[in-house]
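K.L.:
Have a peek at coords_39.cif (mmCIF, C-alpha atoms).
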```cif
data_upload
#
loop_
_atom_site.label_atom_id
_atom_site.label_comp_id
_atom_site.auth_asym_id
_atom_site.auth_seq_id
_atom_site.Cartn_x
_atom_site.Cartn_y
_atom_site.Cartn_z
CA MET A 1 -14.53 23.60 -0.25
CA TRP A 2 -13.00 20.48 -1.83
CA GLU A 3 -9.97 19.00 -0.12
CA PRO A 4 -7.89 16.18 -1.59
CA LYS A 5 -8.21 12.84 0.17
CA GLU A 6 -4.57 12.05 -0.41
CA TYR A 7 -1.45 13.37 -2.06
CA ILE A 8 0.74 11.11 -4.19
CA TYR A 9 4.14 12.14 -5.50
CA HIS A 10 7.35 10.46 -6.62
CA THR A 11 10.99 11.23 -5.88
CA GLY A 12 13.46 8.89 -7.55
CA LYS A 13 12.85 5.31 -6.41
CA GLN A 14 10.54 6.46 -3.66
CA ARG A 15 6.79 6.90 -3.83
CA HIS A 16 4.96 8.78 -1.15
CA ILE A 17 1.32 8.66 -0.17
CA SER A 18 0.17 11.16 2.40
CA ARG A 19 -3.30 11.47 3.87
CA PRO A 20 -4.23 14.49 5.97
CA GLY A 21 -4.43 13.31 9.58
CA GLY A 22 -2.95 9.91 8.72
CA PHE A 23 0.27 8.21 7.68
CA LEU A 24 2.91 9.05 5.13
CA PHE A 25 4.01 5.86 3.35
CA LEU A 26 7.36 5.66 1.59
CA ILE A 27 8.84 2.79 -0.42
CA SER A 28 12.60 2.90 -0.31
CA THR A 29 14.99 0.60 -2.12
CA SER A 30 18.73 0.12 -2.15
CA ALA A 31 21.04 -2.51 -3.55
CA THR A 32 20.49 -4.65 -0.46
CA GLN A 33 17.14 -3.65 1.07
CA ARG A 34 13.51 -3.18 0.07
CA TYR A 35 11.24 -1.71 2.71
CA ILE A 36 8.33 0.58 3.38
CA ARG A 37 8.95 3.46 5.75
CA VAL A 38 5.80 4.65 7.50
CA PHE A 39 5.93 8.15 8.96
CA TYR A 40 3.31 8.89 11.62
CA ASN A 41 1.34 12.14 11.57
CA GLU A 42 1.62 13.78 14.99
CA GLN A 43 -0.23 17.09 14.79
CA GLY A 44 1.13 17.84 11.33
CA GLU A 45 4.69 16.70 12.08
CA PHE A 46 6.14 13.52 10.56
CA ASN A 47 9.19 12.97 12.78
CA ASN A 48 8.59 9.37 13.93
CA PHE A 49 8.66 6.41 11.59
CA SER A 50 8.89 2.61 11.40
CA ASP A 51 10.36 0.47 8.63
CA PHE A 52 8.64 -2.68 7.35
CA SER A 53 10.59 -5.12 5.17
CA LEU A 54 9.13 -6.11 1.82
CA GLU A 55 11.03 -9.42 2.11
CA SER A 56 11.86 -9.51 -1.60
CA ASP A 57 14.74 -8.68 -3.92
CA ALA A 58 12.32 -7.43 -6.61
CA THR A 59 12.02 -3.79 -7.61
CA PHE A 60 8.76 -2.22 -6.43
CA SER A 61 7.05 0.26 -8.71
CA GLY A 62 3.86 1.24 -6.88
CA ILE A 63 2.19 1.60 -3.52
CA ASN A 64 -1.32 2.42 -2.35
CA HIS A 65 -3.56 1.77 0.63
CA GLY A 66 -7.08 0.76 1.55
CA LYS A 67 -9.17 -0.87 4.27
CA VAL A 68 -9.04 -4.32 2.68
CA ASN A 69 -9.79 -6.63 5.60
CA ASP A 70 -12.69 -4.76 7.24
CA ASP A 71 -10.90 -3.75 10.45
CA ASP A 72 -11.02 0.01 9.73
CA TYR A 73 -7.21 0.28 9.49
CA ASP A 74 -5.36 1.25 6.30
CA ASP A 75 -3.53 -1.72 4.79
CA ILE A 76 -0.68 -1.22 2.29
CA VAL A 77 -0.67 -2.72 -1.22
CA VAL A 78 2.38 -2.75 -3.50
CA ILE A 79 3.26 -3.84 -7.04
CA SER A 80 6.45 -5.07 -8.65
CA ASN A 81 6.67 -4.41 -12.37
CA ASN A 82 9.72 -6.58 -12.99
CA GLY A 83 8.60 -9.26 -10.50
CA HIS A 84 5.10 -9.56 -12.04
CA PHE A 85 3.33 -9.64 -8.67
CA TRP A 86 1.43 -7.54 -6.17
CA GLY A 87 1.39 -7.75 -2.40
CA ILE A 88 -0.39 -6.61 0.73
CA LEU A 89 0.78 -5.75 4.23
CA TYR A 90 -2.13 -5.80 6.69
CA ASN A 91 -2.26 -3.10 9.36
CA ASP A 92 -2.21 -4.71 12.80
CA GLY A 93 -3.87 -1.74 14.52
CA ASN A 94 -0.85 -1.11 16.75
CA SER A 95 1.26 1.05 14.39
CA GLY A 96 2.58 -2.06 12.67
CA PHE A 97 2.04 -4.16 9.56
CA THR A 98 2.19 -7.90 8.87
CA SER A 99 4.80 -9.50 6.67
CA PRO A 100 3.82 -9.09 3.03
CA GLU A 101 1.59 -11.61 1.28
CA TYR A 102 2.32 -11.77 -2.47
CA PHE A 103 0.17 -12.75 -5.45
CA ASN A 104 1.63 -13.59 -8.88
CA LEU A 105 0.39 -11.91 -12.07
CA ASP A 106 0.52 -13.00 -15.72
CA GLY A 107 2.38 -9.83 -16.74
CA PRO A 108 3.91 -6.63 -15.39
CA PRO A 109 1.58 -4.38 -13.38
CA SER A 110 1.60 -0.63 -13.94
CA ASP A 111 -0.63 0.60 -11.09
CA ILE A 112 -2.62 -0.56 -8.07
CA ALA A 113 -5.67 0.93 -6.36
CA CYS A 114 -8.15 0.11 -3.60
CA SER A 115 -11.87 0.89 -3.50
CA ASP A 116 -15.07 -0.78 -2.33
CA LEU A 117 -16.30 -1.93 -5.75
CA ASN A 118 -19.04 -4.29 -4.59
CA LYS A 119 -20.31 -2.09 -1.71
CA ASP A 120 -19.67 -4.65 1.05
CA GLY A 121 -17.77 -2.25 3.32
CA ARG A 122 -14.30 -3.63 2.47
CA ASP A 123 -11.93 -2.18 -0.11
CA ASP A 124 -11.18 -4.40 -3.09
CA VAL A 125 -7.84 -4.34 -4.93
CA VAL A 126 -7.47 -3.43 -8.61
CA VAL A 127 -4.19 -4.12 -10.40
CA VAL A 128 -3.70 -2.64 -13.87
CA GLY A 129 -1.15 -3.89 -16.40
CA ASN A 130 -1.49 -5.67 -19.71
CA LYS A 131 -4.90 -6.66 -18.33
CA LEU A 132 -7.15 -5.52 -15.50
CA ASN A 133 -7.17 -7.73 -12.39
CA VAL A 134 -9.81 -7.22 -9.68
CA TYR A 135 -9.45 -8.94 -6.31
CA TYR A 136 -12.59 -8.79 -4.18
CA SER A 137 -12.11 -8.73 -0.44
CA TYR A 138 -14.16 -11.28 1.52
CA ASP A 139 -14.60 -12.03 5.22
CA THR A 140 -11.78 -14.59 5.19
CA SER A 141 -9.29 -12.90 2.81
CA LEU A 142 -8.82 -11.75 -0.78
#
```
Can I see the file as structure tokens?

P.N.:
Amino acid sequence: MWEPKEYIYHTGKQRHISRPGGFLFLISTSATQRYIRVFYNEQGEFNNFSDFSLESDATFSGINHGKVNDDDYDDIVVISNNGHFWGILYNDGNSGFTSPEYFNLDGPPSDIACSDLNKDGRDDVVVVGNKLNVYYSYDTSL
């Protein structure tokens, strides 16, 4: 039987990504804060969480995940439509994430995805907007 790899749904300014047996990611914004809340799956219960600052005043419009830096941990990628950039928070392997690293774009992004496009074992990042941007992951970085 087919089972979905992940579930994605929106509620207001929040976007959730849930993977069976994994994390539940949530972007939350307010007038003063922008952060990602990561809920941890503990036998089907999501009671414990950690917040990770996005360190930006921009509005974030998308979130996704992938194993970008070849350490077998899910990293988080985000986009900002009004800020015209995308960013990545690397999973540190200890239930935490690094500070975000941001990359400017020529126009507003509309979606972001991760997949191993060149079959090297690391997920690459695809940002869609007024043009398609592909960022290949290499041993040293994107």

K.L.:
May I ask for the distance between CA of Tyr35 (chain A) and CA of Leu54 (chain A), given in Å to one decimal place?

P.N.:
5.0 Å

K.L.:
So how many Å separate CA of Ser61 (chain A) and CA of Ser95 (chain A), to one decimal?

P.N.:
23.8 Å

K.L.:
Any chance you could tabulate, as JSON lines, the residues of region 51-96 of chain A at most 10 Å from region 101-116 of chain A with each one's nearest atom pair and distance in Å to one decimal, using all atoms listed in the file, in chain and rising number order?

P.N.:
```
{"residue": "A:Leu54", "atom": "CA", "partner": "A:Glu101", "partner_atom": "CA", "distance": 9.3}
{"residue": "A:Glu55", "atom": "CA", "partner": "A:Glu101", "partner_atom": "CA", "distance": 9.7}
{"residue": "A:Ser56", "atom": "CA", "partner": "A:Tyr102", "partner_atom": "CA", "distance": 9.8}
{"residue": "A:Ser61", "atom": "CA", "partner": "A:Ser110", "partner_atom": "CA", "distance": 7.6}
{"residue": "A:Gly62", "atom": "CA", "partner": "A:Asp111", "partner_atom": "CA", "distance": 6.2}
{"residue": "A:Ile63", "atom": "CA", "partner": "A:Ile112", "partner_atom": "CA", "distance": 7.0}
{"residue": "A:Asn64", "atom": "CA", "partner": "A:Ala113", "partner_atom": "CA", "distance": 6.1}
{"residue": "A:His65", "atom": "CA", "partner": "A:Cys114", "partner_atom": "CA", "distance": 6.5}
{"residue": "A:Gly66", "atom": "CA", "partner": "A:Cys114", "partner_atom": "CA", "distance": 5.3}
{"residue": "A:Lys67", "atom": "CA", "partner": "A:Cys114", "partner_atom": "CA", "distance": 8.0}
{"residue": "A:Val68", "atom": "CA", "partner": "A:Cys114", "partner_atom": "CA", "distance": 7.7}
{"residue": "A:Asp75", "atom": "CA", "partner": "A:Cys114", "partner_atom": "CA", "distance": 9.8}
{"residue": "A:Ile76", "atom": "CA", "partner": "A:Cys114", "partner_atom": "CA", "distance": 9.6}
{"residue": "A:Val77", "atom": "CA", "partner": "A:Ile112", "partner_atom": "CA", "distance": 7.4}
{"residue": "A:Val78", "atom": "CA", "partner": "A:Ile112", "partner_atom": "CA", "distance": 7.1}
{"residue": "A:Ile79", "atom": "CA", "partner": "A:Pro109", "partner_atom": "CA", "distance": 6.6}
{"residue": "A:Ser80", "atom": "CA", "partner": "A:Pro109", "partner_atom": "CA", "distance": 6.8}
{"residue": "A:Asn81", "atom": "CA", "partner": "A:Pro108", "partner_atom": "CA", "distance": 4.7}
{"residue": "A:Asn82", "atom": "CA", "partner": "A:Pro108", "partner_atom": "CA", "distance": 6.3}
{"residue": "A:Gly83", "atom": "CA", "partner": "A:Pro108", "partner_atom": "CA", "distance": 7.3}
{"residue": "A:His84", "atom": "CA", "partner": "A:Pro108", "partner_atom": "CA", "distance": 4.6}
{"residue": "A:Phe85", "atom": "CA", "partner": "A:Asn104", "partner_atom": "CA", "distance": 4.3}
{"residue": "A:Trp86", "atom": "CA", "partner": "A:Phe103", "partner_atom": "CA", "distance": 5.4}
{"residue": "A:Gly87", "atom": "CA", "partner": "A:Tyr102", "partner_atom": "CA", "distance": 4.1}
{"residue": "A:Ile88", "atom": "CA", "partner": "A:Glu101", "partner_atom": "CA", "distance": 5.4}
{"residue": "A:Leu89", "atom": "CA", "partner": "A:Glu101", "partner_atom": "CA", "distance": 6.6}
{"residue": "A:Tyr90", "atom": "CA", "partner": "A:Glu101", "partner_atom": "CA", "distance": 8.8}
```

K.L.:
Interatomic distance between CA of Ser50 (chain A) and CA of Val38 (chain A)?

P.N.:
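Spanning CA of Ser50 (chain A) to CA of Val38 (chain A) is a straight-line distance of 5.4 Å.
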
K.L.:
Using all atoms listed in the file, find the one residue out of A:Asp92, A:Glu42, A:Asp51, A:Asp70 that sits nearest to Asp120 (chain A).

P.N.:
A:Asp70

K.L.:
With all atoms listed in the file as the basis for distance, which of A:Gln33, A:Asn94, A:Asn130, A:Gln43 is at the shortest distance from Thr59 (chain A)?

P.N.:
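Ranking A:Gln33, A:Asn94, A:Asn130, A:Gln43 by distance to Thr59 (chain A), first place goes to A:Gln33.
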